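Visitor: Below is one structure. I have some questions about it.
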Amino acid sequence: MSMKDKLKKFLGLEKYSSYINKYFDSSNIRSAVYVSSVIIVLEITMILITIIRQQIESTRRSTEWFIQHFSMYVLLLAVALVLFIYSIRHIKKISTNRVKWEIIRYLFSAVAIVFGIYISFLDYGKGEQFINLMTMTVLIFCFIAWRPIFSIVFLSGTYILFFILCEVVKPTSYATQVNLAIVFIVILMSAINSFHQKLHEAQKDEKLEHTQGILLKLSISDEVTGLANMNYFRGQALSVINDKKNDPTSYVFLFFDVENFKALNEKYGFWEGNTFLKNFADNISNIFNDSVVAHFSNDNFVVLTKNESISEKIELLHRNLSNMKYDLKLGLKVGGYRPENRECLPLVACDHARYACYSIKKLYNKIYCEYDETMASDFKKKQYIINNIDNAIKNEYIKVYYQPVINAQNGKVCGVEALSRWDDPTFGFLSPADFIQTLEEYHQIHKLDMYVVETVCKMLSKVPETDFPLLPVSLNFSRLDFDSINLAEEVENCLQKYNIDKKSIHIEITESTLSQNDASLKEAFSKFRNSGYALWLDDFGSGYSGLNVLKEYDFDVMKIDMKFLENFSENPKAHRILRNVIALAKELGMKTLTEGVETEEAYQFLKEAGCEQLQGYLFGKPMPDTEIYEKIKNGTYQIDDCYMTL
């Protein structure tokens, strides 16, 4: 900092923030109350004493003296009263005119200084000290903070004027000059120190308030988008819904999902992704102004708004999103939920809106969907599944059924696939399509899959006690199992617990859940293969990346999805596709198993095409282990010796 800047800082010539100016105003107003109170008390006291002394013969002064002093006391008392009253009104925010207060303060200070000079001048003429001047300048310049430049100018002018007046009456003594100089310096330094001390306090408070402001903003807003976070949203939404002036049914909760945001993040990077989210958030705020808007998570946003022109606003937001200059296609899905009454909880409403949004994820021509009774029933079912999966496992409401796998060449059973069925005493029969999808959505599927592993191992451990053969069992696993638990280790521990041979277990992974660049999944597969397990690719052809999956992963068996057999008789293309898929699998060193075989025609075709194994209702539906072994016992099923594990 240069000398010039240091001097400006010392003299208080810098430009201060509005916060610091308000801090000084507030401090000076409070000080003005104290100073004016002191002077009011002093002046009332002096007026009473003067009147009383004037009534006593021995202390009576001249009429001129009485008028001079009494007038000055009354004048100072009057301006002190005005300053006191206006300061109190200012503190109570009854009068907030800062200019008026400044005028009154300057007027009071001028009168007080003139009073001090005049009374001290009269005292000096009588050979007394200049106590009044000292008192007034201390009260004015030390209790009320002035910028140092003003203190220097006003105090210097005051004491120079007083000195000149004293010199006119009679030359001041050396002692008087020294005393006057010392008093001047002490009061001036006290005034300057008072200002800088208050300035330091103001700057410290400003920093603290700024920090608190940041912390408050962080506590109620999202750092990336600047929108409210969900905690703040819930509180605000609750206030809106519970406000008796508002009709809750006239509002709607909206849940926004930006499609393909993950691809944008991967292509352009984290910072560009955040920039996009900020721009999109601003877009929502502008379109849904006068609404409660928040960042839900990742590329999801929520809004509580009046049910007015919703479709038009969503369409405008979608157009703005489509016009963003990225060389990849971004989409938008929006779900809505209309509260039925004031009992509606924002968190539940957002869940309903999100459910409606995700219900149209695969409908490319639909942007907006509202939660309805059908969804309410589905949502209730999903909540039941999530809330009761642990209880269902504990009480064995979930059963493991087995569907036979047939050797295509001789029609004999060469294995079984373990499938779960949930027969709930309260909700009734739950479709696997319902509870498996729900458990995957809520990342609870590993509980079901490990329960099936445990149940299968228990069953296999008891087979040697009977005369039945030990058929190999294929187990289905979700892609999410690999993220939730150490699957290879968990399966290995379970097999060791029941002393099950690894050849009795086949690991099935659905093709549609795989991605081509998943290093962690490749590592997990390697652990299974290195440990001696057979890996099966389930539902090949059900997804969009089948060939990439074959390129990136190694499997022992390819299970061809049953969709290839739909309208098999009327679709000659299916014949050619199946022949080529089977041939491709053989070329890659994989055996093939086709699911969904329901007709003799399909069976004979697949047998001729070289498919090694078959599965479907033509050979048997999923059934309890007791039933499948009963059919082996009565000769319905014959066992293929080459696949039998002893």
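To be explicit about the labels: the chains of the structure tokens are called A, B, and onward in the order shown, and within each one the residues are counted from 1, while ligands get numbers from 1 in the order they are shown.
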Can you list every residue of region 277-304 of chain A that has an atom at most 12 Å from region 313-332 of chain A, with its nearest atom pair and the distance in Å to one decimal, using only C-alpha atoms, ordered by chain then number, as CSV?

Guide:
```
residue,atom,partner,partner_atom,distance
A:Leu277,CA,A:Leu321,CA,10.9
A:Asn279,CA,A:Leu321,CA,9.7
A:Phe280,CA,A:Leu321,CA,7.6
A:Ala281,CA,A:Leu317,CA,10.5
A:Asp282,CA,A:Leu317,CA,10.7
A:Asn283,CA,A:Leu317,CA,7.1
A:Ile284,CA,A:Leu317,CA,7.0
A:Ser285,CA,A:Leu317,CA,10.4
A:Asn286,CA,A:Leu317,CA,9.7
A:Ile287,CA,A:Lys313,CA,6.4
A:Phe288,CA,A:Lys313,CA,7.5
A:Asn289,CA,A:Lys313,CA,10.6
A:Asp299,CA,A:Leu332,CA,10.2
A:Asn300,CA,A:Leu332,CA,10.1
A:Phe301,CA,A:Leu332,CA,11.1
A:Val303,CA,A:Ile314,CA,11.5
```

Visitor: Could the residues in this selection be written to a file with N, CA, C and O atoms, as a short mmCIF file (atom, residue, chain, number, x, y, z; two decimals), in the first residue's frame?

Guide:
```cif
data_model
loop_
_atom_site.label_atom_id
_atom_site.label_comp_id
_atom_site.auth_asym_id
_atom_site.auth_seq_id
_atom_site.Cartn_x
_atom_site.Cartn_y
_atom_site.Cartn_z
N LEU A 277 -26.12 -27.53 -16.24
CA LEU A 277 -27.11 -27.60 -15.16
C LEU A 277 -27.49 -26.20 -14.68
O LEU A 277 -28.66 -25.92 -14.40
N ASN A 279 -27.35 -23.37 -16.43
CA ASN A 279 -28.16 -22.72 -17.47
C ASN A 279 -29.58 -23.29 -17.50
O ASN A 279 -30.56 -22.55 -17.65
N PHE A 280 -29.68 -24.61 -17.34
CA PHE A 280 -31.00 -25.24 -17.34
C PHE A 280 -31.80 -24.79 -16.12
O PHE A 280 -33.01 -24.54 -16.21
N ALA A 281 -31.12 -24.67 -14.97
CA ALA A 281 -31.78 -24.21 -13.75
C ALA A 281 -32.31 -22.78 -13.93
O ALA A 281 -33.43 -22.47 -13.52
N ASP A 282 -31.50 -21.92 -14.55
CA ASP A 282 -31.95 -20.54 -14.82
C ASP A 282 -33.17 -20.54 -15.74
O ASP A 282 -34.09 -19.73 -15.57
N ASN A 283 -33.14 -21.45 -16.70
CA ASN A 283 -34.25 -21.57 -17.65
C ASN A 283 -35.55 -21.95 -16.92
O ASN A 283 -36.61 -21.36 -17.16
N ILE A 284 -35.46 -22.93 -16.03
CA ILE A 284 -36.64 -23.34 -15.27
C ILE A 284 -37.15 -22.18 -14.41
O ILE A 284 -38.35 -21.90 -14.36
N SER A 285 -36.21 -21.49 -13.75
CA SER A 285 -36.59 -20.38 -12.87
C SER A 285 -37.29 -19.27 -13.64
O SER A 285 -38.25 -18.67 -13.15
N ASN A 286 -36.80 -18.99 -14.85
CA ASN A 286 -37.40 -17.93 -15.66
C ASN A 286 -38.80 -18.30 -16.16
O ASN A 286 -39.71 -17.48 -16.16
N ILE A 287 -38.93 -19.55 -16.58
CA ILE A 287 -40.22 -20.00 -17.12
C ILE A 287 -41.24 -20.21 -16.01
O ILE A 287 -42.40 -19.83 -16.13
N PHE A 288 -40.79 -20.80 -14.90
CA PHE A 288 -41.68 -21.02 -13.76
C PHE A 288 -41.41 -19.98 -12.68
O PHE A 288 -41.09 -20.33 -11.53
N ASN A 289 -41.49 -18.71 -13.07
CA ASN A 289 -41.30 -17.65 -12.08
C ASN A 289 -42.50 -17.65 -11.13
O ASN A 289 -43.57 -18.17 -11.43
N ASP A 299 -29.32 -34.64 -12.63
CA ASP A 299 -29.99 -33.91 -13.71
C ASP A 299 -31.50 -33.85 -13.48
O ASP A 299 -32.28 -33.78 -14.41
N ASN A 300 -31.91 -33.85 -12.20
CA ASN A 300 -33.33 -33.81 -11.85
C ASN A 300 -33.66 -32.53 -11.07
O ASN A 300 -32.88 -32.09 -10.23
N PHE A 301 -34.83 -31.97 -11.38
CA PHE A 301 -35.29 -30.74 -10.74
C PHE A 301 -36.75 -30.90 -10.34
O PHE A 301 -37.47 -31.71 -10.94
N VAL A 303 -40.42 -28.64 -9.07
CA VAL A 303 -41.09 -27.34 -9.04
C VAL A 303 -42.46 -27.51 -8.41
O VAL A 303 -43.16 -28.49 -8.68
#
```

Visitor: So that I can check the surroundings of region 142-152 of chain A, please list as a JSON list (two decimals) with N, CA, C and O atoms, in the first residue's frame every protein, DNA and RNA residue that reaches within 7 Å of it, counting only C-alpha atoms and ignoring chain neighbours fewer than 5 positions away.

Guide:
```
[["chain", "number", "residue", "atom", "x", "y", "z"],
["A", 11, "LEU", "N", -7.00, 8.99, 7.44],
["A", 11, "LEU", "CA", -7.90, 10.15, 7.53],
["A", 11, "LEU", "C", -9.37, 9.77, 7.30],
["A", 11, "LEU", "O", -10.26, 10.62, 7.45],
["A", 12, "GLY", "N", -9.62, 8.50, 6.92],
["A", 12, "GLY", "CA", -11.00, 8.08, 6.70],
["A", 12, "GLY", "C", -11.57, 8.61, 5.40],
["A", 12, "GLY", "O", -12.79, 8.85, 5.30],
["A", 28, "ASN", "N", -23.55, 5.44, 15.94],
["A", 28, "ASN", "CA", -23.63, 6.86, 16.30],
["A", 28, "ASN", "C", -25.01, 7.22, 16.84],
["A", 28, "ASN", "O", -25.12, 8.07, 17.72],
["A", 31, "SER", "N", -24.96, 6.04, 20.35],
["A", 31, "SER", "CA", -24.11, 6.95, 21.13],
["A", 31, "SER", "C", -24.79, 8.29, 21.35],
["A", 31, "SER", "O", -24.67, 8.90, 22.42],
["A", 32, "ALA", "N", -25.52, 8.75, 20.33],
["A", 32, "ALA", "CA", -26.22, 10.03, 20.44],
["A", 32, "ALA", "C", -27.26, 9.98, 21.56],
["A", 32, "ALA", "O", -27.49, 10.99, 22.25],
["A", 188, "LEU", "N", -8.18, 14.60, 20.28],
["A", 188, "LEU", "CA", -8.06, 14.27, 18.86],
["A", 188, "LEU", "C", -7.66, 12.81, 18.66],
["A", 188, "LEU", "O", -8.26, 12.10, 17.86],
["A", 190, "SER", "N", -7.99, 10.39, 20.78],
["A", 190, "SER", "CA", -9.09, 9.53, 21.25],
["A", 190, "SER", "C", -10.17, 9.43, 20.19],
["A", 190, "SER", "O", -10.75, 8.35, 19.95],
["A", 191, "ALA", "N", -10.47, 10.57, 19.54],
["A", 191, "ALA", "CA", -11.49, 10.58, 18.49],
["A", 191, "ALA", "C", -11.06, 9.71, 17.31],
["A", 191, "ALA", "O", -11.87, 8.93, 16.77],
["A", 192, "ILE", "N", -9.79, 9.85, 16.90],
["A", 192, "ILE", "CA", -9.29, 9.06, 15.77],
["A", 192, "ILE", "C", -9.27, 7.58, 16.13],
["A", 192, "ILE", "O", -9.67, 6.71, 15.34],
["A", 194, "SER", "N", -11.15, 6.10, 18.34],
["A", 194, "SER", "CA", -12.54, 5.64, 18.42],
["A", 194, "SER", "C", -13.06, 5.29, 17.03],
["A", 194, "SER", "O", -13.74, 4.27, 16.84],
["A", 195, "PHE", "N", -12.74, 6.12, 16.05],
["A", 195, "PHE", "CA", -13.20, 5.86, 14.68],
["A", 195, "PHE", "C", -12.61, 4.57, 14.13],
["A", 195, "PHE", "O", -13.33, 3.72, 13.61]]
```

Visitor: Per DSSP on the backbone, what are the strand (DSSP E or B) residues of region 428-599 of chain A, as a ChimeraX atom specification?

Guide: /A:428-430,470,473-477,505-510,534-540,557-560,591-594

Visitor: Give me, as a list in words, all polymer residues having an atom no more than 12 Å from Leu430 (chain A), counting only C-alpha atoms and skipping those fewer than 2 positions away in the same chain.

Guide: Asp378, Lys381, Lys382, Tyr384, Ile385, Ile389, Ala392, Tyr397, Ile398, Lys399, Ser420, Arg421, Trp422, Asp423, Asp424, Pro425, Thr426, Phe427, Gly428, Pro432, Ala433, Asp434, Phe435, Ile436, Gln437 and Thr438 of chain A

Visitor: Would you pick out the contacts of region 572-582 of chain A at 9 Å or less, using only C-alpha atoms, so that residues sharing its chain but fewer than 3 positions from it are not included, and give the list as a list in words?

Guide: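 In the requested form, the answer reads Met558, Ile560, Phe564, Leu565, Glu566, Asn567, Phe568, Ser569, Ala585, Lys586, Glu587, Met590, Lys591, Thr592, Phe605, Leu606, Ala609, Gly610 and Cys611 of chain A.
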
Visitor: Quick one: of A:Ile406, A:Leu487, A:Ala583, A:Ile131, who's nearest to Tyr637 (chain A), counting only C-alpha atoms?

Guide: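 Of the candidates, the smallest distance to Tyr637 (chain A) is held by A:Ile406.
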
Visitor: For CA of Phe540 (chain A) and CA of Ile393 (chain A), determine how far apart the two atoms are, in Å to one decimal place.

Guide: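 Calculated distance between CA of Phe540 (chain A) and CA of Ile393 (chain A) is 29.8 Å.
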
Visitor: From the list A:Pro339, A:Gly616, A:Pro248, A:Gly226, which residue is nearest Gln403 (chain A) when using only C-alpha atoms?

Guide: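 The answer is A:Gly616, which sits nearest to Gln403 (chain A).
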
Visitor: I need the helix (DSSP H, G or I) residues of region 438-544 of chain A per DSSP on the backbone, written as a PyMOL selection string.

Guide: chain A and resi 438-441+445-465+481-484+487-498+502-504+511-513+519-531

Visitor: Quick one: everything within 12 Å of Ser239 (chain A), counting only C-alpha atoms, minus sequence neighbours fewer than 2 positions away in the same chain. Send it as a list in words.

Guide: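 Final neighbour list, sorted by chain and number: Tyr232, Phe233, Arg234, Gly235, Gln236, Ala237, Ile241, Asn242, Asp243, Lys244, Lys245, Asn246, Pro248, Val292, Leu304, Arg342, Glu343, Cys344, Leu345 and Pro346 of chain A.
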
Visitor: Those same residues - N, CA and C atoms - I'd like them written as a compact mmCIF listing (two decimals), in the first residue's frame.

Guide:
```
# COMPACT_ATOMS: atom_id res chain seq x y z
N TYR A 232 -34.78 -27.00 1.81
CA TYR A 232 -35.47 -25.71 1.75
C TYR A 232 -36.76 -25.84 0.95
N PHE A 233 -36.71 -26.61 -0.13
CA PHE A 233 -37.89 -26.80 -0.97
C PHE A 233 -39.03 -27.41 -0.17
N ARG A 234 -38.71 -28.43 0.62
CA ARG A 234 -39.76 -29.09 1.41
C ARG A 234 -40.44 -28.09 2.35
N GLY A 235 -39.63 -27.26 3.01
CA GLY A 235 -40.18 -26.27 3.93
C GLY A 235 -41.05 -25.25 3.22
N GLN A 236 -40.55 -24.74 2.09
CA GLN A 236 -41.30 -23.74 1.33
C GLN A 236 -42.59 -24.33 0.75
N ALA A 237 -42.47 -25.53 0.21
CA ALA A 237 -43.65 -26.18 -0.38
C ALA A 237 -44.71 -26.44 0.69
N ILE A 241 -48.60 -25.06 0.65
CA ILE A 241 -49.75 -25.97 0.72
C ILE A 241 -50.60 -25.70 1.96
N ASN A 242 -49.94 -25.35 3.08
CA ASN A 242 -50.67 -25.15 4.34
C ASN A 242 -51.24 -23.75 4.50
N ASP A 243 -50.87 -22.83 3.60
CA ASP A 243 -51.39 -21.47 3.67
C ASP A 243 -52.90 -21.49 3.37
N LYS A 244 -53.68 -21.01 4.31
CA LYS A 244 -55.14 -21.06 4.16
C LYS A 244 -55.64 -20.20 3.00
N LYS A 245 -54.82 -19.26 2.56
CA LYS A 245 -55.21 -18.42 1.42
C LYS A 245 -55.08 -19.18 0.10
N ASN A 246 -54.35 -20.30 0.13
CA ASN A 246 -54.12 -21.08 -1.10
C ASN A 246 -55.00 -22.33 -1.14
N PRO A 248 -54.85 -25.95 -2.18
CA PRO A 248 -53.79 -26.91 -2.54
C PRO A 248 -54.04 -27.64 -3.85
N VAL A 292 -41.93 -22.32 -6.58
CA VAL A 292 -40.85 -22.86 -5.74
C VAL A 292 -40.08 -23.86 -6.59
N LEU A 304 -42.82 -26.56 -7.55
CA LEU A 304 -44.20 -26.46 -7.07
C LEU A 304 -44.76 -25.18 -7.66
N ARG A 342 -54.50 -30.54 2.06
CA ARG A 342 -53.37 -29.94 2.78
C ARG A 342 -52.51 -30.98 3.49
N GLU A 343 -52.98 -32.20 3.55
CA GLU A 343 -52.22 -33.27 4.21
C GLU A 343 -51.07 -33.76 3.34
N CYS A 344 -51.00 -33.28 2.11
CA CYS A 344 -49.97 -33.73 1.17
C CYS A 344 -48.58 -33.34 1.66
N LEU A 345 -47.69 -34.31 1.74
CA LEU A 345 -46.30 -34.06 2.13
C LEU A 345 -45.45 -33.85 0.87
N PRO A 346 -44.66 -32.77 0.83
CA PRO A 346 -43.85 -32.48 -0.37
C PRO A 346 -42.96 -33.64 -0.80
```
